[in-house]
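Coordinates from structure36.txt are shown below (compact mmCIF, C-alpha atoms).
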```txt
# COMPACT_ATOMS: atom_id res chain seq x y z
CA MET A 96 34.26 50.30 30.66
CA LEU A 97 37.05 52.43 29.26
CA ARG A 98 36.37 56.01 28.26
CA LEU A 99 37.10 56.81 24.63
CA GLU A 100 39.30 59.83 24.12
CA ARG A 101 38.94 60.18 20.39
CA VAL A 102 41.62 62.16 18.66
CA LEU A 103 41.52 62.10 14.89
CA ARG A 104 44.69 60.35 13.89
CA SER A 105 46.08 59.13 10.61
CA VAL A 106 49.67 59.01 9.47
CA ALA A 107 48.47 59.53 5.93
CA LEU A 108 46.48 62.62 6.79
CA ARG A 109 49.40 64.09 8.69
CA HIS A 110 51.44 63.73 5.53
CA ALA A 111 48.71 65.32 3.43
CA ARG A 112 48.14 68.23 5.79
CA SER A 113 51.87 68.97 5.95
CA LEU A 114 51.75 70.04 2.32
CA ASN A 115 52.03 73.78 1.85
CA GLY A 116 48.71 75.17 0.67
CA LYS A 117 46.43 73.46 -1.82
CA PRO A 118 48.13 70.62 -3.69
CA GLN A 119 48.97 71.76 -7.18
CA GLY A 120 48.02 69.65 -10.17
CA ASP A 121 49.06 69.88 -13.79
CA VAL A 122 47.12 71.99 -16.26
CA LEU A 123 44.19 70.06 -17.69
CA PRO A 124 44.91 69.40 -21.39
CA GLN A 125 42.34 69.24 -24.17
CA SER A 126 43.26 65.69 -25.11
CA CYS A 127 45.35 62.67 -24.18
CA ASP A 128 45.96 59.12 -25.31
CA VAL A 129 44.93 57.53 -22.01
CA LEU A 130 42.73 59.19 -19.40
CA ILE A 131 42.84 57.59 -15.96
CA ILE A 132 39.94 58.56 -13.71
CA GLY A 133 41.20 58.34 -10.14
CA GLY A 134 44.66 59.14 -8.82
CA GLY A 135 44.74 56.82 -5.82
CA GLY A 136 46.70 53.59 -5.69
CA MET A 137 45.11 51.87 -8.70
CA GLY A 138 45.15 54.94 -10.92
CA ALA A 139 48.66 56.06 -10.03
CA SER A 140 50.00 52.52 -10.44
CA SER A 141 48.32 52.27 -13.85
CA ALA A 142 49.96 55.55 -14.90
CA PHE A 143 53.35 54.37 -13.67
CA TRP A 144 53.14 51.05 -15.48
CA LEU A 145 51.72 52.52 -18.69
CA LYS A 146 54.59 54.98 -18.95
CA SER A 147 57.19 52.38 -17.92
CA ARG A 148 55.93 49.77 -20.36
CA ALA A 149 55.50 52.30 -23.17
CA LEU A 150 59.13 53.33 -22.72
CA GLN A 151 60.26 49.69 -22.85
CA LEU A 152 58.20 49.17 -26.02
CA SER A 153 59.46 52.44 -27.56
CA LYS A 154 55.91 53.77 -27.77
CA LYS A 155 54.81 57.34 -27.18
CA LEU A 156 51.87 57.53 -24.83
CA ASN A 157 50.28 60.66 -23.39
CA VAL A 158 48.84 59.65 -20.00
CA LEU A 159 46.63 61.93 -17.91
CA VAL A 160 45.37 61.14 -14.39
CA VAL A 161 42.42 63.12 -13.01
CA GLU A 162 41.84 63.00 -9.24
CA ARG A 163 38.87 64.58 -7.47
CA ASP A 164 40.46 64.67 -3.99
CA ALA A 165 43.52 66.86 -4.53
CA GLY A 166 44.87 66.40 -1.00
CA TYR A 167 43.84 62.73 -0.70
CA SER A 168 42.05 63.63 2.54
CA SER A 169 39.38 60.95 2.06
CA ALA A 170 41.19 58.62 -0.36
CA SER A 171 40.94 54.92 0.45
CA THR A 172 44.61 54.36 -0.38
CA VAL A 173 46.08 56.60 2.30
CA LEU A 174 43.51 55.68 4.96
CA SER A 175 44.15 51.95 4.72
CA VAL A 176 46.29 50.00 7.20
CA GLY A 177 48.64 48.94 4.39
CA GLY A 178 48.66 45.16 4.75
CA VAL A 179 50.12 42.67 2.30
CA ARG A 180 49.21 38.99 2.64
CA GLN A 181 48.73 35.88 0.54
CA GLN A 182 46.13 34.33 2.81
CA PHE A 183 43.31 34.43 0.27
CA SER A 184 41.04 31.75 -1.16
CA LEU A 185 41.28 32.70 -4.85
CA SER A 186 44.44 31.99 -6.84
CA GLU A 187 44.28 35.38 -8.56
CA ASN A 188 44.31 37.24 -5.25
CA ILE A 189 47.20 35.11 -4.00
CA GLU A 190 49.24 35.72 -7.15
CA MET A 191 48.53 39.45 -7.18
CA SER A 192 49.60 39.78 -3.57
CA LEU A 193 52.76 37.75 -4.16
CA TYR A 194 53.56 40.16 -6.97
CA GLY A 195 52.71 43.08 -4.69
CA TYR A 196 55.02 41.77 -1.97
CA ASP A 197 57.93 41.49 -4.41
CA PHE A 198 57.27 45.02 -5.69
CA ILE A 199 57.06 46.48 -2.19
CA VAL A 200 60.26 44.91 -0.84
CA ASN A 201 62.03 46.07 -4.02
CA GLY A 202 60.37 49.49 -3.96
CA ARG A 203 63.55 51.46 -4.60
CA LYS A 204 64.28 49.38 -7.70
CA HIS A 205 60.92 50.37 -9.19
CA LEU A 206 60.20 53.78 -7.69
CA GLY A 207 63.60 55.27 -6.88
CA ASP A 208 64.40 56.88 -3.54
CA VAL A 209 61.30 55.93 -1.57
CA ASP A 210 61.08 54.13 1.77
CA LEU A 211 57.89 52.06 1.98
CA CYS A 212 58.61 51.18 5.63
CA TYR A 213 57.83 47.51 5.12
CA GLN A 214 57.33 45.53 8.35
CA PRO A 215 57.68 41.76 7.71
CA ASN A 216 55.67 40.62 10.73
CA GLY A 217 53.22 38.39 8.85
CA TYR A 218 49.54 37.63 9.37
CA LEU A 219 47.94 35.21 11.80
CA ILE A 220 44.43 34.18 10.78
CA LEU A 221 42.51 32.18 13.38
CA ALA A 222 39.67 29.76 12.70
CA SER A 223 37.08 28.02 14.84
CA ASP A 224 36.15 24.40 14.24
CA ARG A 225 33.71 25.57 11.55
CA GLY A 226 36.45 27.30 9.55
CA ALA A 227 39.40 24.99 10.12
CA ASP A 228 38.90 22.86 7.00
CA VAL A 229 38.67 25.92 4.75
CA LEU A 230 41.78 27.42 6.37
CA THR A 231 43.64 24.16 5.71
CA GLN A 232 42.58 23.99 2.06
CA ASN A 233 43.47 27.62 1.48
CA SER A 234 46.89 27.22 3.10
CA LYS A 235 47.69 24.30 0.82
CA MET A 236 46.88 26.32 -2.31
CA GLN A 237 48.70 29.39 -1.03
CA ASN A 238 51.91 27.48 -0.42
CA GLU A 239 51.65 25.70 -3.78
CA LEU A 240 51.51 29.13 -5.46
CA GLY A 241 54.59 30.42 -3.62
CA ALA A 242 53.36 31.76 -0.29
CA ARG A 243 54.98 30.64 2.96
CA ASN A 244 52.69 29.96 5.87
CA GLU A 245 52.23 27.31 8.52
CA LEU A 246 49.23 25.78 10.25
CA LEU A 247 49.29 25.77 14.05
CA GLY A 248 46.93 24.04 16.46
CA PRO A 249 45.94 25.52 19.85
CA LYS A 250 48.99 24.21 21.74
CA ALA A 251 51.42 25.34 19.06
CA LEU A 252 49.71 28.75 18.94
CA ARG A 253 50.12 29.20 22.70
CA ARG A 254 53.79 28.24 22.53
CA ARG A 255 54.47 30.62 19.65
CA PHE A 256 52.26 33.44 20.94
CA PRO A 257 52.00 33.17 24.74
CA TRP A 258 49.82 36.31 24.90
CA LEU A 259 47.06 34.58 22.90
CA SER A 260 43.96 32.93 24.31
CA THR A 261 43.02 29.95 22.11
CA GLU A 262 39.58 29.44 23.58
CA ASP A 263 37.23 28.47 20.69
CA VAL A 264 40.20 28.44 18.26
CA GLU A 265 40.75 25.21 16.35
CA LEU A 266 43.52 26.30 13.99
CA GLY A 267 45.69 29.24 13.02
CA CYS A 268 47.48 30.04 9.78
CA HIS A 269 50.66 32.03 10.32
CA GLY A 270 52.46 33.73 7.44
CA VAL A 271 56.17 33.24 8.10
CA ASP A 272 57.37 35.15 5.02
CA LYS A 273 56.12 37.58 2.36
CA GLU A 274 53.45 39.11 4.62
CA GLY A 275 53.35 42.26 6.73
CA TRP A 276 52.47 45.90 6.25
CA PHE A 277 53.86 49.10 4.74
CA ASP A 278 53.20 52.83 4.34
CA PRO A 279 50.41 53.33 1.75
CA TRP A 280 51.10 57.06 1.47
CA ALA A 281 54.74 56.41 0.57
CA LEU A 282 53.69 53.89 -2.08
CA LEU A 283 51.19 56.33 -3.61
CA MET A 284 53.72 59.17 -3.69
CA GLY A 285 56.29 56.81 -5.18
CA TYR A 286 53.93 55.89 -8.02
CA LYS A 287 53.13 59.55 -8.69
CA LYS A 288 56.72 60.76 -8.56
CA GLN A 289 57.98 58.05 -10.89
CA ALA A 290 55.01 58.32 -13.28
CA ARG A 291 55.54 62.08 -13.51
CA ALA A 292 59.27 61.58 -14.09
CA LEU A 293 58.31 59.36 -17.04
CA GLY A 294 56.00 62.04 -18.44
CA ALA A 295 52.55 61.32 -16.98
CA HIS A 296 50.37 64.26 -15.95
CA PHE A 297 48.21 64.52 -12.81
CA ALA A 298 45.39 67.07 -12.81
CA ASN A 299 42.89 67.98 -10.11
CA GLY A 300 39.21 67.63 -10.95
CA ALA A 301 36.10 65.48 -10.85
CA VAL A 302 34.67 63.74 -13.92
CA VAL A 303 31.03 64.84 -14.12
CA GLY A 304 30.08 63.50 -17.55
CA PHE A 305 31.18 61.82 -20.77
CA GLN A 306 31.00 62.48 -24.48
CA TRP A 307 30.49 59.97 -27.27
CA SER A 308 31.47 59.84 -30.93
CA ASP A 309 28.80 59.58 -33.63
CA SER A 310 29.23 55.81 -33.54
CA GLY A 311 28.62 55.63 -29.79
CA VAL A 312 32.23 55.20 -28.67
CA LEU A 313 33.37 56.97 -25.50
CA SER A 314 35.51 59.84 -26.70
CA GLY A 315 35.76 62.43 -23.95
CA ALA A 316 35.25 63.22 -20.29
CA VAL A 317 33.78 66.39 -18.83
CA VAL A 318 35.92 67.53 -15.90
CA ASP A 319 35.01 70.01 -13.17
CA SER A 320 38.22 71.45 -11.75
CA GLY A 321 36.44 73.41 -9.05
CA ASP A 322 36.92 76.81 -10.66
CA GLY A 323 33.38 77.10 -11.99
CA VAL A 324 34.32 75.95 -15.50
CA GLN A 325 33.74 72.48 -16.90
CA ARG A 326 36.24 71.34 -19.52
CA THR A 327 36.22 68.41 -21.92
CA VAL A 328 39.25 66.15 -22.27
CA LYS A 329 39.28 63.99 -25.40
CA PHE A 330 40.84 60.54 -25.09
CA ASP A 331 41.48 57.38 -27.07
CA THR A 332 41.40 55.08 -24.02
CA CYS A 333 39.96 55.51 -20.55
CA VAL A 334 40.80 53.70 -17.29
CA LEU A 335 38.17 53.83 -14.54
CA ALA A 336 40.01 53.57 -11.22
CA ALA A 337 37.98 55.92 -9.05
CA GLY A 338 37.92 53.68 -5.98
CA ALA A 339 34.74 53.87 -3.93
CA HIS A 340 33.25 56.35 -6.43
CA SER A 341 33.75 54.09 -9.47
CA GLY A 342 30.13 52.91 -9.59
CA LYS A 343 28.90 56.51 -9.65
CA VAL A 344 31.32 57.44 -12.45
CA ALA A 345 30.28 54.36 -14.44
CA ARG A 346 26.66 55.49 -14.33
CA LEU A 347 27.72 58.75 -16.01
CA ALA A 348 28.80 56.57 -18.94
CA LYS A 349 25.32 54.96 -18.98
CA ILE A 350 26.71 51.71 -17.58
CA GLY A 351 23.82 50.06 -15.76
CA ASP A 352 21.07 51.80 -17.74
CA PRO A 353 18.00 49.53 -17.43
CA ALA A 354 16.68 50.88 -20.73
CA ALA A 355 19.84 50.08 -22.72
CA GLU A 356 19.41 47.94 -25.83
CA GLU A 357 22.55 45.89 -25.29
CA SER A 358 22.32 43.52 -22.33
CA SER A 359 25.85 44.22 -21.08
CA MET A 360 25.01 47.92 -20.75
CA ARG A 361 22.10 47.08 -18.45
CA VAL A 362 24.58 45.68 -15.93
CA GLY A 363 25.92 48.31 -13.58
CA LEU A 364 29.32 48.51 -11.96
CA PRO A 365 28.40 47.36 -8.41
CA VAL A 366 31.01 49.42 -6.57
CA GLU A 367 30.04 51.68 -3.69
CA PRO A 368 31.69 53.21 -0.61
CA ARG A 369 31.59 51.32 2.67
CA LYS A 370 32.93 53.08 5.75
CA ARG A 371 35.41 51.28 7.98
CA TYR A 372 36.83 52.41 11.34
CA VAL A 373 40.41 52.06 12.58
CA TYR A 374 41.17 52.55 16.27
CA VAL A 375 44.62 53.06 17.81
CA TYR A 376 45.06 52.02 21.44
CA SER A 377 47.62 51.30 24.15
CA THR A 378 47.57 48.90 27.08
CA GLN A 379 49.25 48.55 30.44
CA GLY A 380 48.34 44.88 30.64
CA ARG A 381 50.89 42.18 31.37
CA ASN A 382 52.04 39.58 28.84
CA CYS A 383 51.45 42.08 26.03
CA PRO A 384 52.03 41.14 22.35
CA GLY A 385 55.56 42.15 21.34
CA VAL A 386 57.01 44.26 18.57
CA ALA A 387 57.12 41.34 16.09
CA THR A 388 53.45 40.43 16.61
CA PRO A 389 51.71 39.48 13.33
CA LEU A 390 48.53 41.15 12.19
CA THR A 391 46.08 38.86 13.95
CA VAL A 392 42.56 38.16 12.68
CA ASP A 393 40.00 36.64 15.02
CA PRO A 394 37.41 34.13 13.72
CA ASP A 395 34.79 36.90 13.98
CA GLY A 396 36.83 39.23 11.73
CA THR A 397 38.24 41.55 14.39
CA TYR A 398 41.90 42.32 13.65
CA PHE A 399 44.79 44.04 15.41
CA ARG A 400 48.49 44.68 14.94
CA ARG A 401 51.28 46.73 16.44
CA ASP A 402 51.46 50.37 15.35
CA GLY A 403 55.01 51.68 15.55
CA LEU A 404 57.55 51.16 18.33
CA CYS A 405 55.88 53.07 21.18
CA GLY A 406 53.57 50.34 22.43
CA ASN A 407 50.49 51.25 20.42
CA PHE A 408 48.23 48.88 18.50
CA LEU A 409 45.63 49.45 15.83
CA CYS A 410 42.49 47.44 15.23
CA GLY A 411 39.19 47.27 13.40
CA ARG A 412 36.39 45.04 12.24
CA SER A 413 34.09 45.10 9.24
CA PRO A 414 30.44 45.39 10.30
CA SER A 415 27.73 42.99 9.28
CA ASP A 416 25.41 44.02 6.46
CA ASP A 417 22.73 45.24 8.84
CA GLU A 418 25.30 47.33 10.77
CA GLU A 419 26.74 49.22 7.80
CA PRO A 420 27.28 52.85 8.87
CA ASP A 421 26.24 55.94 6.94
CA CYS A 422 28.89 57.03 4.42
CA ASP A 423 28.05 60.73 4.18
CA THR A 424 31.00 61.64 6.42
CA LEU A 425 34.16 60.03 7.75
CA ASP A 426 33.09 60.53 11.36
CA VAL A 427 34.09 57.69 13.68
CA ASP A 428 31.56 55.82 15.80
CA ASP A 429 33.18 55.37 19.22
CA GLY A 430 30.33 53.15 20.34
CA TYR A 431 31.13 50.59 17.64
CA PHE A 432 34.50 50.00 19.27
CA GLN A 433 32.95 49.55 22.69
CA THR A 434 30.29 47.08 21.60
CA ASN A 435 31.77 45.27 18.60
CA VAL A 436 35.56 45.40 18.76
CA TRP A 437 36.85 45.69 22.33
CA PRO A 438 35.02 42.58 23.69
CA THR A 439 36.76 40.39 21.10
CA LEU A 440 40.16 41.98 21.75
CA ALA A 441 39.80 41.41 25.50
CA HIS A 442 38.65 37.82 24.98
CA ARG A 443 41.47 36.93 22.58
CA VAL A 444 44.31 38.80 24.34
CA PRO A 445 43.94 39.12 28.13
CA ALA A 446 46.41 42.04 28.11
CA PHE A 447 43.78 43.99 26.17
CA GLU A 448 41.18 43.81 28.94
CA SER A 449 42.25 47.31 30.03
CA ILE A 450 43.15 49.58 27.15
CA LYS A 451 43.02 53.26 26.27
CA ILE A 452 42.09 54.64 22.88
CA GLN A 453 44.71 57.05 21.59
CA SER A 454 43.16 58.01 18.26
CA SER A 455 40.91 56.79 15.46
CA TRP A 456 40.01 57.41 11.86
CA ALA A 457 37.65 56.17 9.16
CA GLY A 458 38.16 55.35 5.51
CA TYR A 459 36.20 53.91 2.60
CA TYR A 460 36.35 50.44 1.10
CA ASP A 461 35.54 50.42 -2.62
CA HIS A 462 33.07 47.63 -1.98
CA ASN A 463 31.99 45.35 -4.80
CA SER A 464 28.50 44.29 -3.73
CA PHE A 465 28.44 41.45 -6.30
CA ASP A 466 31.27 39.30 -4.90
CA ALA A 467 33.67 41.55 -2.93
CA ASN A 468 36.44 41.12 -5.49
CA GLY A 469 38.25 43.45 -7.85
CA ILE A 470 36.84 44.05 -11.34
CA ILE A 471 39.75 44.22 -13.74
CA GLY A 472 39.81 44.63 -17.49
CA GLN A 473 37.94 45.78 -20.56
CA HIS A 474 34.28 46.68 -20.54
CA PRO A 475 32.32 44.37 -22.89
CA HIS A 476 30.59 47.25 -24.71
CA TYR A 477 33.04 50.14 -24.47
CA ARG A 478 36.14 48.47 -25.85
CA ASN A 479 38.27 51.52 -25.02
CA LEU A 480 37.22 51.55 -21.35
CA TYR A 481 39.22 49.55 -18.80
CA ILE A 482 38.14 49.07 -15.19
CA ALA A 483 40.19 48.62 -12.02
CA ALA A 484 37.77 48.91 -9.10
CA GLY A 485 35.83 47.08 -6.40
CA PHE A 486 38.69 45.53 -4.41
CA SER A 487 36.69 45.65 -1.19
CA GLY A 488 39.51 46.41 1.23
CA HIS A 489 42.40 44.35 -0.14
CA GLY A 490 43.30 46.57 -3.06
CA ILE A 491 46.36 48.49 -1.81
CA GLN A 492 48.57 45.39 -1.79
CA GLN A 493 47.37 44.53 -5.30
CA THR A 494 48.06 47.92 -6.90
CA PRO A 495 51.41 46.83 -8.37
CA ALA A 496 49.86 43.80 -10.10
CA VAL A 497 46.66 45.53 -11.22
CA GLY A 498 48.45 48.58 -12.61
CA ARG A 499 50.75 46.33 -14.60
CA ALA A 500 47.80 44.23 -15.80
CA ILE A 501 45.97 47.32 -17.07
CA SER A 502 49.10 48.45 -18.92
CA GLU A 503 49.43 45.01 -20.53
CA LEU A 504 45.83 45.05 -21.76
CA ILE A 505 46.16 48.52 -23.23
CA LEU A 506 49.61 48.15 -24.78
CA GLU A 507 49.68 44.44 -25.66
CA GLY A 508 46.03 43.43 -25.77
CA LYS A 509 46.37 40.61 -23.23
CA PHE A 510 47.42 39.68 -19.71
CA SER A 511 51.02 38.52 -19.74
CA THR A 512 52.18 38.57 -16.10
CA ILE A 513 49.13 37.17 -14.25
CA ASN A 514 46.01 35.90 -16.01
CA LEU A 515 43.20 37.91 -14.42
CA SER A 516 40.55 37.19 -17.05
CA ARG A 517 38.24 35.54 -14.49
CA LEU A 518 38.02 38.89 -12.67
CA GLY A 519 36.69 40.76 -15.69
CA PHE A 520 33.34 42.55 -16.12
CA ASP A 521 31.94 39.57 -18.01
CA ARG A 522 31.40 37.69 -14.75
CA LEU A 523 28.88 40.36 -13.77
CA VAL A 524 27.04 39.98 -17.07
CA ASN A 525 27.08 36.18 -16.79
CA LYS A 526 26.17 36.26 -13.07
CA GLN A 527 29.21 34.16 -12.13
CA PRO A 528 30.58 35.54 -8.83
CA MET A 529 34.20 34.98 -7.86
CA LEU A 530 33.75 34.84 -4.11
CA GLU A 531 36.70 35.52 -1.83
CA VAL A 532 36.42 33.90 1.58
CA ASN A 533 39.18 35.83 3.35
CA ILE A 534 37.89 39.40 3.46
CA VAL A 535 39.15 41.35 6.48
```
Translate this file's structure into C-alpha cells.
Amino acid sequence: MLRLERVLRSVALRHARSLNGKPQGDVLPQSCDVLIIGGGGMGASSAFWLKSRALQLSKKLNVLVVERDAGYSSASTVLSVGGVRQQFSLSENIEMSLYGYDFIVNGRKHLGDVDLCYQPNGYLILASDRGADVLTQNSKMQNELGARNELLGPKALRRRFPWLSTEDVELGCHGVDKEGWFDPWALLMGYKKQARALGAHFANGAVVGFQWSDSGVLSGAVVDSGDGVQRTVKFDTCVLAAGAHSGKVARLAKIGDPAAEESSMRVGLPVEPRKRYVYVYSTQGRNCPGVATPLTVDPDGTYFRRDGLCGNFLCGRSPSDDEEPDCDTLDVDDGYFQTNVWPTLAHRVPAFESIKIQSSWAGYYDHNSFDANGIIGQHPHYRNLYIAAGFSGHGIQQTPAVGRAISELILEGKFSTINLSRLGFDRLVNKQPMLEVNIV
C-alpha cells in the first residue's frame, strides 16, 4: 500500500497566509441598517447584492458584515473544491446553480477585475443499476430547466473516457456545458472588494449574544472583536449566514428553545459543522485521465478531478453517518484515504492503482441535518431575521443566487429572480423535508 506523505496544502490557505500581518477589518459601528453575520461566500454575496440592488433602487442602505475568522483560515468557502453543476434532483438547486454558472462565467461584469479561473470540464456522475432510473429522471428535469447533459451507457462511457472502468456502472450523466469548477477564494474576494466599493463595511468579530426590544424584536448583536471588549451593534435587519456555525448563532437568539411559547421558536436551526477531507495525488499509471477530465463521481460517492496542469488530481468522499469524524480540529485522517477512498479510485480508474499523495486538507460543510439543503429566507417569528445557511457542501456555487434572493426579500419583500419559498424555515416547522438526492 502507498505511504502517505501528508503535506498541508490548500490554494485558499496559501492566499490567506500571503496577507501581510493580521487581516484588517473596518471599525465596528454602533448601528447599521443590515447586519450580516458571516463574511464567507453567502454573507459577502448578500452584502454585494444588497448594496448593488439598493443603488439600482436609489435606496440608502448601511450594510455591515461581521466575520469571526478574519483570515478565513477555517472558512468553508475557501476550503471547498469550487464546483458548479446542475446535476441535482430539486428544481431550486438546478436553477440556483444555473444562475451561479452565468454569474461565474461573467464574473468581470459583476465583480470587476477578478479572474475566477473557471474550468469548463463538466461533471460525470455514475450510477449502478439501482440508481440508473433516478439519474435518468433527474437528467430530464435538468435539461428541461436549461442544463446541458447527456446520458451514456457503459460502451459509450468507455469510448468517451477510455481510462474509465465501467464495471458495476449502468449509466453515466455527463455535463457537456455549464459545469466545471472555479477558484472560491477569488470569488469571495471579488464579492468583498465590490461590496466595499459600493459602501459595505466588513468588521472582524464573533457574535456572542443578541439584544431585544421591549416588544421582543431582535434589535442588536453583541460582538466580541477579540480585544477583550464586547460591543453592541444595533440593527434594523439581520442576515444569519455564518456557515457551519449558523446553528450555534441561532441558539443565541433563542431559536430552538424547548421552553418557548411559540411553536416556531421551539424549532432549532439544524445546521452544524461536518468535516470533509480533500486529498491531492499524482500517478505514474498508464492511460491516465487527461487535462479535460470531468469531475467524476462514483456510485459510492467518491469523487476526483484534475488539479491544475502538472498532472495532479484531487479527490474526496463524504463519510457515512457512523463514520463522521470529530470536528474539533481540521486535522486530516490519512487512514480514511487508505481505507475508504483509494480502493474506489483504483477500481474505477486502473491508472490510479499506484498513486502518491502530494498534500491534503480538511474543511467544514455547513450540514443541515434535517434534509441536507439550504435554508433560505425569513424566520417565521423574527420577521427582521433572514437565514442563508445549511447548504451541506453545495453552497459555493449557489452564493450568487442566494445573495441576490436575500437582497430581494429585504428590499422588495419577495423572491423575484428564483422562487425559493420551498426552501424556507417553514419546512422545518411543518416537518416537510426537501430532500436532495445528489449530495457529493
Worksheet item: Asp331 in chain A: which residues within 8 Å, counting only C-alpha atoms, same-chain residues fewer than 6 positions away excluded, as a list in words?
Response: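 Surrounding residues, per the criterion: Cys127, Asp128, Val129, Leu130, Ser314 and Asn479 of chain A.
Of the residues under consideration (A:Asp423, A:Asp164, A:Glu265, A:Glu187), A:Glu187 shows the shortest atom-to-atom contact distance to Ile471 in chain A when counting all atoms listed in the file.
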Worksheet entry | For CA of Leu440 in chain A and CA of Leu246 in chain A, the interatomic separation in Å (one decimal) |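 A separation of 21.8 Å between them.
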Worksheet item: Could you name the residues that touch Val366 in chain A at 6 Å or less, counting only C-alpha atoms, but leaving out those on the same chain fewer than 4 positions away, as a list of chain:residue names?
Response: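 Listing them by chain and then by number gives A:Gly342, A:His462, A:Asn463, A:Gly485.
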Worksheet item: So which residues fall inside 12 Å of (54.6, 56.0, -26.6) if we count all atoms listed in the file? Mind giving them as an MDAnalysis selection string?
Response: chainID A and resid 127:129 145:158 293:295 505:506
Would you mind exporting C-alpha atoms of the selected residues as a short mmCIF file (atom, residue, chain, number, x, y, z; two decimals), in the frame of the given file?
```cif
data_model
loop_
_atom_site.label_atom_id
_atom_site.label_comp_id
_atom_site.auth_asym_id
_atom_site.auth_seq_id
_atom_site.Cartn_x
_atom_site.Cartn_y
_atom_site.Cartn_z
CA CYS A 127 45.35 62.67 -24.18
CA ASP A 128 45.96 59.12 -25.31
CA VAL A 129 44.93 57.53 -22.01
CA LEU A 145 51.72 52.52 -18.69
CA LYS A 146 54.59 54.98 -18.95
CA SER A 147 57.19 52.38 -17.92
CA ARG A 148 55.93 49.77 -20.36
CA ALA A 149 55.50 52.30 -23.17
CA LEU A 150 59.13 53.33 -22.72
CA GLN A 151 60.26 49.69 -22.85
CA LEU A 152 58.20 49.17 -26.02
CA SER A 153 59.46 52.44 -27.56
CA LYS A 154 55.91 53.77 -27.77
CA LYS A 155 54.81 57.34 -27.18
CA LEU A 156 51.87 57.53 -24.83
CA ASN A 157 50.28 60.66 -23.39
CA VAL A 158 48.84 59.65 -20.00
CA LEU A 293 58.31 59.36 -17.04
CA GLY A 294 56.00 62.04 -18.44
CA ALA A 295 52.55 61.32 -16.98
CA ILE A 505 46.16 48.52 -23.23
CA LEU A 506 49.61 48.15 -24.78
#
```
Worksheet item: Using all atoms listed in the file, which residue out of A:Gly498, A:Gly133, A:Gly508, A:Pro475 lies closest to Val362 in chain A?
Response: A:Pro475
Item to complete: Could you please determine the separation between CA of Lys287 in chain A and CA of Lys204 in chain A in Å, to one decimal place?
Response: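 Separation of CA of Lys287 in chain A and CA of Lys204 in chain A: 15.1 Å.
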Practice prompt. May I ask which of the residues A:Val160, A:Lys349, A:Val173, A:Phe277 is the closest one to Trp456 in chain A, counting all atoms listed in the file?
Written response: A:Val173
List every residue of range 295-389 of chain A that has an atom at most 12 Å from any atom of range 175-183 of chain A, and for each one report the closest atom pair and its distance in Å to one decimal, counting all atoms listed in the file, with rows sorted by chain and then by increasing residue number, as CSV.
```
residue,atom,partner,partner_atom,distance
A:Lys370,CA,A:Ser175,CA,11.3
A:Arg371,CA,A:Ser175,CA,9.4
A:Tyr372,CA,A:Ser175,CA,9.9
A:Val373,CA,A:Val176,CA,8.2
A:Tyr374,CA,A:Val176,CA,10.7
A:Val375,CA,A:Val176,CA,11.2
A:Pro389,CA,A:Gly178,CA,10.7
```
Discussion item. If I take CA of Ala142 in chain A and CA of Gly304 in chain A, how far is one from the other in Å, to one decimal?
Written reply: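 Computed distance, CA of Ala142 in chain A to CA of Gly304 in chain A, equals 21.6 Å.
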Discussion item. If we count only C-alpha atoms and set the cut-off at 10 Å, which residues sit around Leu123 in chain A, ignoring sequence neighbours fewer than 6 positions away in its own chain? Please answer as a ChimeraX atom specification.
Written reply: /A:159-161,296-300,318,320,326-328
Go ahead and dump the residues you just picked, C-alpha atoms, as an mmCIF file, in the frame of the given file.
```
data_model
loop_
_atom_site.group_PDB
_atom_site.id
_atom_site.type_symbol
_atom_site.label_atom_id
_atom_site.label_comp_id
_atom_site.auth_asym_id
_atom_site.auth_seq_id
_atom_site.Cartn_x
_atom_site.Cartn_y
_atom_site.Cartn_z
ATOM 1 C CA LEU A 159 46.630 61.930 -17.910
ATOM 2 C CA VAL A 160 45.370 61.140 -14.390
ATOM 3 C CA VAL A 161 42.420 63.120 -13.010
ATOM 4 C CA HIS A 296 50.370 64.260 -15.950
ATOM 5 C CA PHE A 297 48.210 64.520 -12.810
ATOM 6 C CA ALA A 298 45.390 67.070 -12.810
ATOM 7 C CA ASN A 299 42.890 67.980 -10.110
ATOM 8 C CA GLY A 300 39.210 67.630 -10.950
ATOM 9 C CA VAL A 318 35.920 67.530 -15.900
ATOM 10 C CA SER A 320 38.220 71.450 -11.750
ATOM 11 C CA ARG A 326 36.240 71.340 -19.520
ATOM 12 C CA THR A 327 36.220 68.410 -21.920
ATOM 13 C CA VAL A 328 39.250 66.150 -22.270
#
```
Fill in: Given only C-alpha atoms as the counted atoms, nearest of A:Val209, A:Val264, A:Leu252, A:Val524 to Gly226 in chain A
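Closest to Gly226 in chain A of all the choices is A:Val264.
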Worksheet entry | Nearest to Ala441 in chain A, chosen from A:Glu531, A:Gly403, A:Leu313, A:Gly380, with all atoms listed in the file counted in the distances |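 Smallest distance to Ala441 in chain A is found for A:Gly380.
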Within 12 Å of His205 in chain A using only C-alpha atoms, minus same-chain residues under 4 positions, as a short mmCIF file (atom, residue, chain, number, x, y, z; two decimals) with C-alpha atoms, keeping the file's coordinate frame:
```cif
data_model
loop_
_atom_site.label_atom_id
_atom_site.label_comp_id
_atom_site.auth_asym_id
_atom_site.auth_seq_id
_atom_site.Cartn_x
_atom_site.Cartn_y
_atom_site.Cartn_z
CA SER A 140 50.00 52.52 -10.44
CA PHE A 143 53.35 54.37 -13.67
CA TRP A 144 53.14 51.05 -15.48
CA SER A 147 57.19 52.38 -17.92
CA GLY A 195 52.71 43.08 -4.69
CA ASP A 197 57.93 41.49 -4.41
CA PHE A 198 57.27 45.02 -5.69
CA ILE A 199 57.06 46.48 -2.19
CA VAL A 200 60.26 44.91 -0.84
CA ASN A 201 62.03 46.07 -4.02
CA VAL A 209 61.30 55.93 -1.57
CA ASP A 210 61.08 54.13 1.77
CA LEU A 211 57.89 52.06 1.98
CA LEU A 282 53.69 53.89 -2.08
CA GLY A 285 56.29 56.81 -5.18
CA TYR A 286 53.93 55.89 -8.02
CA LYS A 288 56.72 60.76 -8.56
CA GLN A 289 57.98 58.05 -10.89
CA ALA A 290 55.01 58.32 -13.28
CA PRO A 495 51.41 46.83 -8.37
#
```
Practice prompt. Find, counting all atoms listed in the file, the residue in A:Val427, A:Val312, A:Ala354, A:Ala170 that gets nearest to His476 in chain A.
Written response: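 Checking each candidate against His476 in chain A, we get A:Val312 as the closest.
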